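Peer 1: The structure file structure_10.cif (mmCIF, C-alpha atoms) is provided below.
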data_my_file
#
loop_
_atom_site.label_atom_id
_atom_site.label_comp_id
_atom_site.auth_asym_id
_atom_site.auth_seq_id
_atom_site.Cartn_x
_atom_site.Cartn_y
_atom_site.Cartn_z
CA MET A 1 295.87 252.77 -20.09
CA ALA A 2 299.10 253.14 -22.01
CA THR A 3 299.25 251.49 -25.39
CA LEU A 4 301.09 248.22 -25.83
CA LYS A 5 303.92 249.78 -27.73
CA GLU A 6 304.54 252.45 -25.11
CA VAL A 7 304.72 249.91 -22.32
CA LYS A 8 307.06 247.74 -24.31
CA THR A 9 309.44 250.64 -24.97
CA LYS A 10 309.35 251.54 -21.31
CA ILE A 11 310.26 247.98 -20.29
CA GLY A 12 313.17 248.05 -22.72
CA ALA A 13 314.37 251.34 -21.26
CA VAL A 14 314.20 250.11 -17.68
CA LYS A 15 316.05 246.94 -18.65
CA LYS A 16 318.84 249.00 -20.13
CA THR A 17 319.02 251.15 -17.02
CA LYS A 18 319.31 248.00 -15.00
CA GLN A 19 322.21 246.81 -17.10
CA ILE A 20 324.01 250.05 -16.36
CA THR A 21 323.35 250.03 -12.63
CA LYS A 22 324.41 246.41 -12.46
CA ALA A 23 327.64 247.13 -14.28
CA MET A 24 328.33 250.08 -11.99
CA ASN A 25 327.65 247.89 -9.02
CA MET A 26 330.22 245.38 -10.17
CA VAL A 27 332.81 248.06 -10.93
CA ALA A 28 332.27 249.55 -7.48
CA ALA A 29 332.59 246.11 -5.92
CA SER A 30 335.95 245.46 -7.51
CA ARG A 31 337.23 248.95 -6.67
CA LEU A 32 336.02 248.42 -3.13
CA ARG A 33 338.16 245.33 -2.87
CA GLY A 34 341.15 247.34 -4.02
CA ALA A 35 340.42 250.10 -1.53
CA GLN A 36 340.04 247.61 1.28
CA THR A 37 343.37 246.06 0.40
CA ASN A 38 344.91 249.52 0.65
CA MET A 39 343.31 250.03 4.03
CA ASP A 40 344.56 246.67 5.24
CA GLY A 41 348.04 247.56 4.03
CA PHE A 42 347.93 250.79 5.99
CA ARG A 43 346.72 249.29 9.25
CA PRO A 44 350.01 247.73 10.46
CA TYR A 45 351.76 251.04 9.90
CA ALA A 46 349.08 253.06 11.67
CA GLU A 47 348.98 250.72 14.65
CA LYS A 48 352.72 250.60 15.12
CA PHE A 49 352.91 254.34 14.67
CA ALA A 50 350.27 255.00 17.31
CA GLU A 51 352.01 252.63 19.70
CA VAL A 52 355.40 254.28 19.37
CA LEU A 53 353.96 257.78 19.47
CA GLY A 54 351.87 256.97 22.52
CA GLY A 55 354.85 255.55 24.35
CA LEU A 56 357.01 258.52 23.43
CA SER A 57 354.56 261.23 24.33
CA GLY A 58 354.27 259.68 27.75
CA ARG A 59 358.01 260.09 28.21
CA ALA A 60 358.75 263.35 26.52
CA GLY A 61 357.90 265.35 29.60
CA GLU A 62 356.43 268.81 29.22
CA GLU A 63 354.74 269.39 25.95
CA THR A 64 357.12 271.46 23.95
CA SER A 65 356.01 271.06 20.38
CA PRO A 66 354.08 274.03 18.99
CA LEU A 67 351.91 271.54 17.13
CA LEU A 68 350.33 270.54 20.43
CA LEU A 69 349.65 274.06 21.67
CA PRO A 70 346.27 275.61 20.89
CA HIS A 71 346.34 279.14 19.54
CA GLU A 72 345.13 281.70 22.03
CA GLU A 73 342.60 283.22 19.71
CA VAL A 74 340.77 280.93 17.37
CA ILE A 75 339.46 282.90 14.42
CA LYS A 76 340.60 281.08 11.34
CA LYS A 77 339.52 277.51 10.99
CA HIS A 78 340.44 275.29 8.14
CA ILE A 79 338.50 272.28 6.94
CA ILE A 80 339.73 269.47 4.77
CA LEU A 81 336.64 268.27 3.04
CA CYS A 82 336.84 264.80 1.59
CA THR A 83 334.12 263.91 -0.90
CA SER A 84 333.95 261.87 -4.06
CA ASP A 85 334.49 263.14 -7.58
CA ARG A 86 331.44 261.51 -8.98
CA GLY A 87 327.84 261.11 -7.98
CA LEU A 88 325.50 258.12 -8.10
CA CYS A 89 326.52 256.96 -4.68
CA GLY A 90 323.41 257.61 -2.65
CA GLY A 91 323.62 260.10 0.18
CA PHE A 92 327.36 259.78 0.50
CA ASN A 93 328.36 263.30 -0.51
CA ALA A 94 325.25 264.87 0.93
CA HIS A 95 326.12 263.50 4.36
CA LEU A 96 329.68 264.74 4.21
CA ILE A 97 328.68 268.16 3.01
CA SER A 98 325.94 268.58 5.57
CA LYS A 99 328.45 267.61 8.25
CA ALA A 100 330.76 270.37 7.11
CA ASP A 101 327.87 272.78 6.70
CA SER A 102 326.51 272.27 10.20
CA PHE A 103 330.03 272.57 11.61
CA ILE A 104 330.46 275.92 9.89
CA LYS A 105 327.04 277.12 11.05
CA GLU A 106 327.65 276.09 14.65
CA ALA A 107 330.87 278.05 14.75
CA GLY A 108 329.00 281.29 14.21
CA GLU A 109 329.72 284.39 12.18
CA ASP A 110 333.01 285.38 13.77
CA ILE A 111 334.97 282.44 12.55
CA GLU A 112 336.63 282.61 9.17
CA PHE A 113 336.62 279.34 7.33
CA SER A 114 338.73 278.10 4.49
CA VAL A 115 338.88 274.66 2.93
CA THR A 116 341.11 272.19 1.22
CA ASN A 117 339.07 270.01 -1.07
CA PHE A 118 339.50 266.43 -1.94
CA GLY A 119 336.89 265.55 -4.53
CA LYS A 120 334.78 267.49 -7.00
CA LYS A 121 331.49 267.37 -5.14
CA GLY A 122 332.79 269.18 -2.11
CA ARG A 123 334.61 271.70 -4.26
CA ASP A 124 331.49 272.53 -6.22
CA TRP A 125 329.64 273.05 -2.99
CA CYS A 126 332.34 275.36 -1.63
CA ARG A 127 332.29 277.37 -4.83
CA LYS A 128 328.56 277.78 -4.61
CA LYS A 129 328.78 278.78 -0.95
CA GLN A 130 331.75 281.03 -1.70
CA ILE A 131 333.96 279.54 0.96
CA PRO A 132 337.58 280.31 0.11
CA ILE A 133 339.31 277.22 -1.28
CA LYS A 134 343.00 276.99 -0.45
CA SER A 135 343.69 274.04 -2.66
CA GLU A 136 341.77 271.32 -4.41
CA HIS A 137 342.71 267.78 -5.22
CA ILE A 138 340.63 266.06 -7.85
CA GLU A 139 340.94 262.43 -8.86
CA VAL A 140 342.48 261.40 -5.57
CA ILE A 141 339.56 259.92 -3.67
CA GLY A 142 338.48 256.68 -5.23
CA THR A 143 341.83 255.88 -6.82
CA VAL A 144 344.91 254.24 -5.38
CA ILE A 145 346.09 256.93 -2.98
CA LYS A 146 349.78 257.51 -2.51
CA PHE A 147 351.13 258.54 0.84
CA ASN A 148 353.01 261.49 -0.61
CA ILE A 149 349.71 263.25 -1.31
CA ALA A 150 348.92 263.12 2.38
CA SER A 151 352.40 264.25 3.36
CA THR A 152 352.45 267.13 0.87
CA VAL A 153 349.06 268.43 1.96
CA GLY A 154 349.89 267.74 5.61
CA LYS A 155 353.09 269.73 5.32
CA GLY A 156 351.14 272.67 3.96
CA LEU A 157 348.69 272.46 6.85
CA ILE A 158 351.43 272.37 9.44
CA ASP A 159 353.20 275.34 7.87
CA GLY A 160 349.91 277.20 7.76
CA PHE A 161 349.21 276.36 11.37
CA LEU A 162 352.64 277.45 12.53
CA ASN A 163 352.66 280.77 10.69
CA GLY A 164 349.19 281.66 11.90
CA GLU A 165 347.32 281.18 8.66
CA TYR A 166 345.04 278.69 10.42
CA ASP A 167 344.23 278.46 14.10
CA GLU A 168 342.59 275.08 13.92
CA VAL A 169 342.45 272.41 11.26
CA TYR A 170 339.75 269.78 10.92
CA VAL A 171 339.16 266.97 8.51
CA VAL A 172 335.69 265.92 7.40
CA TYR A 173 335.73 262.40 6.08
CA SER A 174 333.60 259.32 5.84
CA GLU A 175 334.38 256.61 8.31
CA PHE A 176 334.06 253.14 6.89
CA VAL A 177 332.19 251.14 9.50
CA SER A 178 330.89 248.32 7.36
CA MET A 179 329.62 247.66 3.88
CA GLY A 180 326.25 249.08 4.71
CA ARG A 181 327.32 251.86 7.02
CA GLN A 182 329.56 254.84 6.41
CA VAL A 183 329.51 257.66 8.89
CA ALA A 184 330.42 261.24 8.08
CA THR A 185 332.88 262.23 10.76
CA ILE A 186 334.76 265.36 11.73
CA LYS A 187 338.11 265.15 13.43
CA GLN A 188 340.55 267.75 14.70
CA LEU A 189 343.98 267.53 13.12
CA LEU A 190 345.70 270.64 14.47
CA PRO A 191 346.55 271.48 17.16
CA ILE A 192 347.14 267.77 17.69
CA PRO A 193 344.56 266.69 20.26
CA PRO A 194 345.95 265.00 23.36
CA MET A 195 346.10 261.24 23.14
CA GLU A 196 342.90 259.71 24.22
CA SER A 197 343.67 256.12 23.38
CA ASP A 198 343.04 253.86 26.36
CA GLU A 199 345.12 255.59 29.00
CA ASP A 200 344.92 252.68 31.39
CA GLU A 201 346.09 250.14 28.92
CA ALA A 202 348.88 252.34 27.74
CA GLU A 203 350.15 252.67 31.25
CA ASP A 204 349.98 248.99 31.89
CA GLN A 205 351.63 247.83 28.71
CA ASP A 206 353.61 250.43 26.89
CA LYS A 207 355.41 252.27 29.58
CA PRO A 208 357.26 249.46 31.29
CA TYR A 209 359.09 248.45 28.18
CA LEU A 210 359.16 251.72 26.34
CA ALA A 211 360.65 253.41 29.33
CA GLU A 212 363.76 251.39 28.75
CA HIS A 213 364.15 252.41 25.15
CA ILE A 214 367.35 254.09 24.25
CA CYS A 215 366.36 256.96 22.03
CA GLU A 216 368.43 258.47 19.32
CA PRO A 217 368.23 261.46 19.19
CA SER A 218 366.53 262.45 22.47
CA PRO A 219 362.87 261.58 23.10
CA ASP A 220 361.91 265.23 22.60
CA GLU A 221 363.63 265.43 19.25
CA LEU A 222 362.13 262.13 18.20
CA LEU A 223 358.72 263.38 19.14
CA GLY A 224 359.35 266.52 17.12
CA GLU A 225 360.06 264.30 14.12
CA LEU A 226 357.08 262.09 14.66
CA LEU A 227 354.36 264.62 15.41
CA PRO A 228 354.19 266.15 11.93
CA ARG A 229 354.18 262.66 10.56
CA SER A 230 351.27 261.74 12.77
CA VAL A 231 349.26 264.45 11.00
CA TYR A 232 350.09 262.87 7.65
CA VAL A 233 349.13 259.48 8.99
CA GLN A 234 345.78 260.78 10.21
CA LEU A 235 345.12 262.50 6.93
CA TYR A 236 346.12 259.49 4.89
CA GLY A 237 343.85 257.30 7.00
CA ALA A 238 340.97 259.71 6.41
CA LEU A 239 341.55 259.66 2.66
CA LEU A 240 341.66 255.88 2.57
CA GLU A 241 338.49 255.58 4.61
CA THR A 242 336.63 258.07 2.45
CA SER A 243 337.75 256.27 -0.64
CA THR A 244 336.61 252.90 0.64
CA SER A 245 333.34 254.39 1.84
CA GLU A 246 332.67 255.92 -1.54
CA HIS A 247 332.89 252.58 -3.29
CA ALA A 248 330.80 250.88 -0.63
CA ALA A 249 328.17 253.62 -0.83
CA ARG A 250 328.08 253.42 -4.60
CA MET A 251 327.78 249.67 -4.49
CA MET A 252 324.81 249.88 -2.14
CA ALA A 253 323.17 252.63 -4.17
CA MET A 254 323.54 250.68 -7.37
CA ASP A 255 322.29 247.53 -5.70
CA ASN A 256 319.17 249.37 -4.62
CA ALA A 257 318.77 250.85 -8.08
CA SER A 258 318.98 247.41 -9.66
CA LYS A 259 316.33 246.15 -7.27
CA ALA A 260 314.11 249.11 -8.06
CA CYS A 261 314.56 248.31 -11.74
CA ASP A 262 313.43 244.75 -11.11
CA ASP A 263 310.31 245.99 -9.38
CA MET A 264 309.56 248.39 -12.19
CA ILE A 265 310.04 245.70 -14.80
CA ASP A 266 307.65 243.43 -12.91
CA ASN A 267 304.99 246.13 -12.71
CA LEU A 268 305.41 247.12 -16.31
CA THR A 269 305.28 243.52 -17.49
CA LEU A 270 302.04 243.11 -15.60
CA ALA A 271 300.66 246.26 -17.20
CA TYR A 272 301.85 245.03 -20.58
CA ASN A 273 300.15 241.66 -20.21
CA LYS A 274 296.96 243.29 -19.04
CA ALA A 275 296.97 245.64 -21.98
CA ARG A 276 297.62 242.78 -24.39
CA GLN A 277 294.83 240.74 -22.88
CA ALA A 278 292.50 243.69 -23.11
CA SER A 279 293.25 244.20 -26.79
CA ILE A 280 292.75 240.50 -27.55
CA THR A 281 289.44 240.56 -25.75
CA ALA A 282 288.42 243.66 -27.64
CA GLU A 283 289.32 242.03 -30.97
CA LEU A 284 287.39 238.88 -30.09
CA MET A 285 284.39 240.98 -29.16
CA ASP A 286 284.64 242.65 -32.54
CA ILE A 287 284.76 239.36 -34.39
CA VAL A 288 281.97 237.83 -32.39
CA GLY A 289 279.93 241.01 -32.78
CA GLY A 290 280.52 240.96 -36.55
CA ALA A 291 279.55 237.29 -36.86
CA GLU A 292 276.39 237.89 -34.86
CA ALA A 293 275.49 240.78 -37.12
CA LEU A 294 275.95 238.63 -40.27
CA LYS A 295 273.75 235.87 -38.85
CA GLY A 296 270.99 238.31 -38.08
CA MET B 1 374.57 234.76 19.55
CA ALA B 2 372.65 232.17 17.63
CA GLY B 3 369.09 232.72 16.50
CA ASN B 4 367.16 234.95 14.19
CA ILE B 5 365.25 238.15 14.64
CA THR B 6 362.13 239.29 12.84
CA LEU B 7 362.61 242.16 10.46
CA GLU B 8 359.54 244.14 9.50
CA VAL B 9 359.61 247.02 7.08
CA VAL B 10 356.27 248.76 6.84
CA THR B 11 355.14 251.71 4.74
CA PRO B 12 351.68 253.30 4.79
CA GLU B 13 350.94 251.52 1.55
CA LYS B 14 352.08 248.02 2.35
CA VAL B 15 354.26 245.69 4.34
CA VAL B 16 357.48 245.51 2.36
CA VAL B 17 359.26 242.79 4.29
CA SER B 18 358.33 240.59 7.17
CA GLU B 19 360.74 237.73 7.64
CA GLU B 20 363.28 236.03 9.85
CA VAL B 21 366.77 237.39 9.43
CA GLN B 22 370.17 236.78 10.99
CA ILE B 23 371.21 240.41 11.08
CA ALA B 24 369.73 243.69 9.89
CA VAL B 25 371.65 246.92 9.40
CA ALA B 26 369.85 250.23 9.15
CA PRO B 27 370.99 253.84 8.63
CA GLY B 28 370.10 255.62 11.89
CA SER B 29 370.13 259.40 11.87
CA LEU B 30 373.10 259.37 14.23
CA GLY B 31 374.87 256.55 12.46
CA GLU B 32 374.37 253.13 10.97
CA PHE B 33 373.49 250.37 13.39
CA GLY B 34 373.19 246.62 13.18
CA VAL B 35 370.66 244.54 15.04
CA LEU B 36 371.27 240.96 16.14
CA ILE B 37 369.15 238.89 18.48
CA GLY B 38 369.21 240.25 22.03
CA HIS B 39 369.59 243.87 20.97
CA THR B 40 368.64 246.39 23.61
CA THR B 41 365.35 248.21 23.07
CA PHE B 42 366.13 251.14 20.90
CA LEU B 43 364.25 253.79 18.99
CA THR B 44 365.70 256.04 16.34
CA THR B 45 364.88 258.05 13.27
CA LEU B 46 366.39 256.94 9.99
CA LYS B 47 368.25 258.75 7.25
CA THR B 48 367.36 258.16 3.65
CA GLY B 49 369.42 255.17 2.66
CA THR B 50 369.72 251.43 2.50
CA ILE B 51 368.71 248.81 5.00
CA HIS B 52 370.53 245.57 4.35
CA TYR B 53 370.03 242.25 6.01
CA THR B 54 371.13 238.65 5.90
CA GLY B 55 368.18 236.36 5.54
CA ALA B 56 367.73 233.12 7.46
CA ASP B 57 369.15 231.31 4.42
CA GLY B 58 372.26 233.47 4.42
CA GLY B 59 371.36 235.60 1.37
CA GLN B 60 372.08 239.33 1.45
CA LYS B 61 369.20 241.60 0.61
CA TYR B 62 368.84 245.34 0.28
CA ILE B 63 365.95 247.68 0.85
CA PHE B 64 365.76 251.36 0.05
CA ALA B 65 364.00 253.37 2.76
CA SER B 66 363.33 257.03 3.35
CA GLY B 67 361.55 259.17 5.89
CA GLY B 68 361.28 256.63 8.62
CA PHE B 69 362.14 255.50 12.05
CA ALA B 70 363.01 252.15 13.57
CA GLU B 71 362.27 250.36 16.78
CA ALA B 72 364.54 247.56 17.87
CA LEU B 73 363.43 244.98 20.42
CA PRO B 74 365.46 241.97 21.56
CA ASP B 75 363.83 239.75 18.95
CA LYS B 76 362.51 242.19 16.41
CA LEU B 77 363.37 245.21 14.30
CA THR B 78 360.44 247.25 13.03
CA VAL B 79 361.05 249.94 10.44
CA LEU B 80 358.30 252.42 9.66
CA ALA B 81 359.17 254.32 6.51
CA GLU B 82 357.28 256.74 4.31
CA SER B 83 358.60 254.95 1.30
CA ALA B 84 360.54 251.73 1.03
CA GLU B 85 361.17 249.14 -1.63
CA MET B 86 363.27 246.07 -2.23
CA ARG B 87 366.30 246.64 -4.41
CA ARG B 88 364.84 244.55 -7.23
CA ASP B 89 361.68 246.69 -7.22
CA ILE B 90 363.40 250.04 -7.66
CA ASP B 91 362.24 251.84 -10.75
CA THR B 92 365.46 253.33 -12.09
CA GLY B 93 363.77 255.31 -14.82
CA ARG B 94 361.51 257.00 -12.34
CA ALA B 95 364.35 257.72 -9.97
CA LYS B 96 366.38 259.26 -12.80
CA SER B 97 363.58 261.53 -13.90
CA ALA B 98 362.99 262.48 -10.25
CA MET B 99 366.66 263.34 -9.99
CA GLU B 100 366.54 265.56 -13.06
CA ARG B 101 363.43 267.30 -11.80
CA ALA B 102 365.01 267.94 -8.44
CA GLN B 103 368.20 269.22 -10.01
CA LYS B 104 366.30 271.63 -12.21
CA ARG B 105 364.43 272.93 -9.22
CA LEU B 106 367.62 273.32 -7.25
CA GLU B 107 369.20 275.32 -10.03
CA LYS B 108 366.40 277.84 -9.90
CA GLU B 109 366.89 278.36 -6.17
CA THR B 110 363.60 280.01 -5.43
CA GLU B 111 362.15 279.67 -1.94
CA ASP B 112 363.65 277.95 1.06
CA ILE B 113 360.86 275.44 1.52
CA ASP B 114 361.03 274.28 -2.06
CA PHE B 115 364.75 274.09 -1.70
CA ALA B 116 364.53 271.69 1.25
CA ARG B 117 362.00 269.54 -0.52
CA ALA B 118 363.94 269.41 -3.74
CA LYS B 119 367.05 268.53 -1.83
CA ALA B 120 365.29 265.67 -0.07
CA ALA B 121 363.89 264.46 -3.38
CA LEU B 122 367.33 264.58 -4.93
CA GLU B 123 368.79 262.65 -2.04
CA ARG B 124 366.14 259.97 -2.36
CA ALA B 125 366.70 259.68 -6.09
CA ILE B 126 370.46 259.41 -5.75
CA HIS B 127 370.20 256.73 -3.09
CA ARG B 128 367.74 254.78 -5.19
CA ILE B 129 369.90 254.95 -8.28
CA ARG B 130 373.04 254.04 -6.39
CA LEU B 131 371.36 251.05 -4.81
CA ALA B 132 369.84 249.93 -8.08
CA GLU B 133 373.23 250.04 -9.76
CA THR B 134 374.60 247.44 -7.37
CA ARG B 135 372.20 244.80 -8.63
CA GLN B 136 373.32 242.49 -11.40
#
Starting from the file, lay out its structure as C-alpha cells.
Peer 2:
Amino acid sequence: MATLKEVKTKIGAVKKTKQITKAMNMVAASRLRGAQTNMDGFRPYAEKFAEVLGGLSGRAGEETSPLLLPHEEVIKKHIILCTSDRGLCGGFNAHLISKADSFIKEAGEDIEFSVTNFGKKGRDWCRKKQIPIKSEHIEVIGTVIKFNIASTVGKGLIDGFLNGEYDEVYVVYSEFVSMGRQVATIKQLLPIPPMESDEDEAEDQDKPYLAEHICEPSPDELLGELLPRSVYVQLYGALLETSTSEHAARMMAMDNASKACDDMIDNLTLAYNKARQASITAELMDIVGGAEALKG
Amino acid sequence: MAGNITLEVVTPEKVVVSEEVQIAVAPGSLGEFGVLIGHTTFLTTLKTGTIHYTGADGGQKYIFASGGFAEALPDKLTVLAESAEMRRDIDTGRAKSAMERAQKRLEKETEDIDFARAKAALERAIHRIRLAETRQ
C-alpha cells in the first residue's frame, strides 16, 4: 500500500486536474453559445438562399453552368478538411480524419488527392501522410468565422475546378446534431450536386409563385451569379457546424474528465483513509505491546 | 397605396434589419428600384451600394450592402447580401484602410484576378465611406 504522503499528493494532483478540466468545460460552454448564435444568425440566410436557388434552377431550363457539369475524367479530387486547432476534445478530430482517410482509401490508387486544411490537427495529419496541401487556414475553426473566408476559399475552389486543377471537390466537416452528437460528414461541393431537397414540396409550393417572378437579369444569368455563391454558403455552413461541434465535443470531453476526476478522488480518499487507519492501528499495537512488555 | 411592407436584410452572419417600412429603395444591377406594397414578384441581383428606406414612423434610414440579391413580393422585400450594415455601424477607419490597400494593389497591376478583387474591394470601401460621410 502506498504511503499516506504519496496518496495525499496524488489527491492534490487530481484535484488540480479537475479544476483545469472544469474551467475548460466552462470556457467551451460559453464559446459554444457564441458558435450557436452564429449558426442561428446564418440559418435565415441559408434557408432563403436555398429557396430562391431551388426556384430558379427549376426555371432556368437546360443546365448551362459549367459548375453543374461533372468532368469527364475524374482523376484529381480535392478535399477540404475541417478539424480543430487544438486537442482535448475527445474523438472529434479522430472521427473527422478517419472519415477523410477512408474516403481516400476507397477511391483507390489512381486518384490524386489534394487538400485545403482548416485547423491544425488535420494539417498535421496531412503532413504526416504527405498529402499535398494547397492551402491551410489556422485559427479559423473555433473562432467567430467571417463569411469572407468562405467566399475567398470558395472562389479559389471554383477557379481550380474550372481550369481543371480539380475534378471534384469535397468537404469533410462535423455536422452538429445535438450537444451529445456530432457526426463526421463528407459532402460534395463541386460539381454542384443536383438539388435533392424535397422535390415534391418544391413543385407544390415554390413553382407557382416563383414562376411569376420577373427576373433581372435573365434567370440563367441570375443562376450564374448565384451558383458560385451557393458554394460559399455550403462551405460557410460547414465551417460553422464544425466550429460548433468542436466546442460541444470539448465540453462533453471535459465533462467526462471532470467526472473521472471525481471518481479518482473518491477512490484515493478511500485509500487514504484506509492507510491512515492502518497506521493508527499499527501505532496502537505498538503502544499496547510496549505497555504489556513493561508489565511483564 | 397605403400600408407597409416588411423589409428584411440578411447576411450570412446576422439579420441586419427586419422591420415594417413604407418604402424601400435598392440598387438593382440593372438600375435602382423602389418597392411599395403590392409590388410585383421580382428577383434581381444587386450592385454594391446603398439601400434606403422610410420606416413606419417616417424616418429615413440607410444600409450599405454588397454582393447580394433581392426578392420582392407584394408585401415583402428580402435582401440577401454578403455584407451589409446600417449607416451608423459603418467603420470608417476600416473602410479607409481597405481603400488604401485596394489602391496600392491596383497600382501594382499584377494579375487579372487580383485586379478584379481589388477593384471590388475599392468599390465597397468607397461606397461605405461615401455613405458614412452623409451621417451627422
Peer 1: Step by step, work through what the PyMOL selection byres ((chain B) within 6 of (chain A)) selects in the shown file, and finish by giving those residues as a VMD selection string.
Peer 2: chain B and resid 10 12 to 14 41 to 44
Peer 1: Find the residues around Ser83 (chain B) up to 7 Å (only C-alpha atoms counted), leave out those fewer than 5 positions away in its own chain, and share them as a short mmCIF file (atom, residue, chain, number, x, y, z; two decimals) with C-alpha atoms, keeping the file's coordinate frame.
Peer 2:
data_model
loop_
_atom_site.label_atom_id
_atom_site.label_comp_id
_atom_site.auth_asym_id
_atom_site.auth_seq_id
_atom_site.Cartn_x
_atom_site.Cartn_y
_atom_site.Cartn_z
CA THR B 11 355.14 251.71 4.74
CA ALA B 65 364.00 253.37 2.76
CA SER B 66 363.33 257.03 3.35
CA GLY B 67 361.55 259.17 5.89
#
Peer 1: Would you translate the PyMOL selection byres ((chain B and resi 105) around 10) into the concrete set of residues it matches in this file, as a PyMOL selection string?
Peer 2: chain B and resi 99-104+106-110+114-115+117-119+122
Peer 1: Applied to the shown file, which residues does the PyMOL selection byres ((chain B and resi 129) around 9) return, written as a short mmCIF file (atom, residue, chain, number, x, y, z; two decimals) with C-alpha atoms, in the coordinates of the input?
Peer 2:
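Below is the file expr26.cif, written as the result:
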data_model
loop_
_atom_site.label_atom_id
_atom_site.label_comp_id
_atom_site.auth_asym_id
_atom_site.auth_seq_id
_atom_site.Cartn_x
_atom_site.Cartn_y
_atom_site.Cartn_z
CA ILE B 90 363.40 250.04 -7.66
CA ASP B 91 362.24 251.84 -10.75
CA THR B 92 365.46 253.33 -12.09
CA GLY B 93 363.77 255.31 -14.82
CA ALA B 95 364.35 257.72 -9.97
CA LYS B 96 366.38 259.26 -12.80
CA ARG B 124 366.14 259.97 -2.36
CA ALA B 125 366.70 259.68 -6.09
CA ILE B 126 370.46 259.41 -5.75
CA HIS B 127 370.20 256.73 -3.09
CA ARG B 128 367.74 254.78 -5.19
CA ARG B 130 373.04 254.04 -6.39
CA LEU B 131 371.36 251.05 -4.81
CA ALA B 132 369.84 249.93 -8.08
CA GLU B 133 373.23 250.04 -9.76
CA THR B 134 374.60 247.44 -7.37
#
Peer 1: Which of these residues is nearest to Asn4 (chain B), using only C-alpha atoms: B:Leu46, B:Met86, B:Ala120, B:Val21?
Peer 2: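 Answer, going by the shortest atom-to-atom distance: B:Val21.
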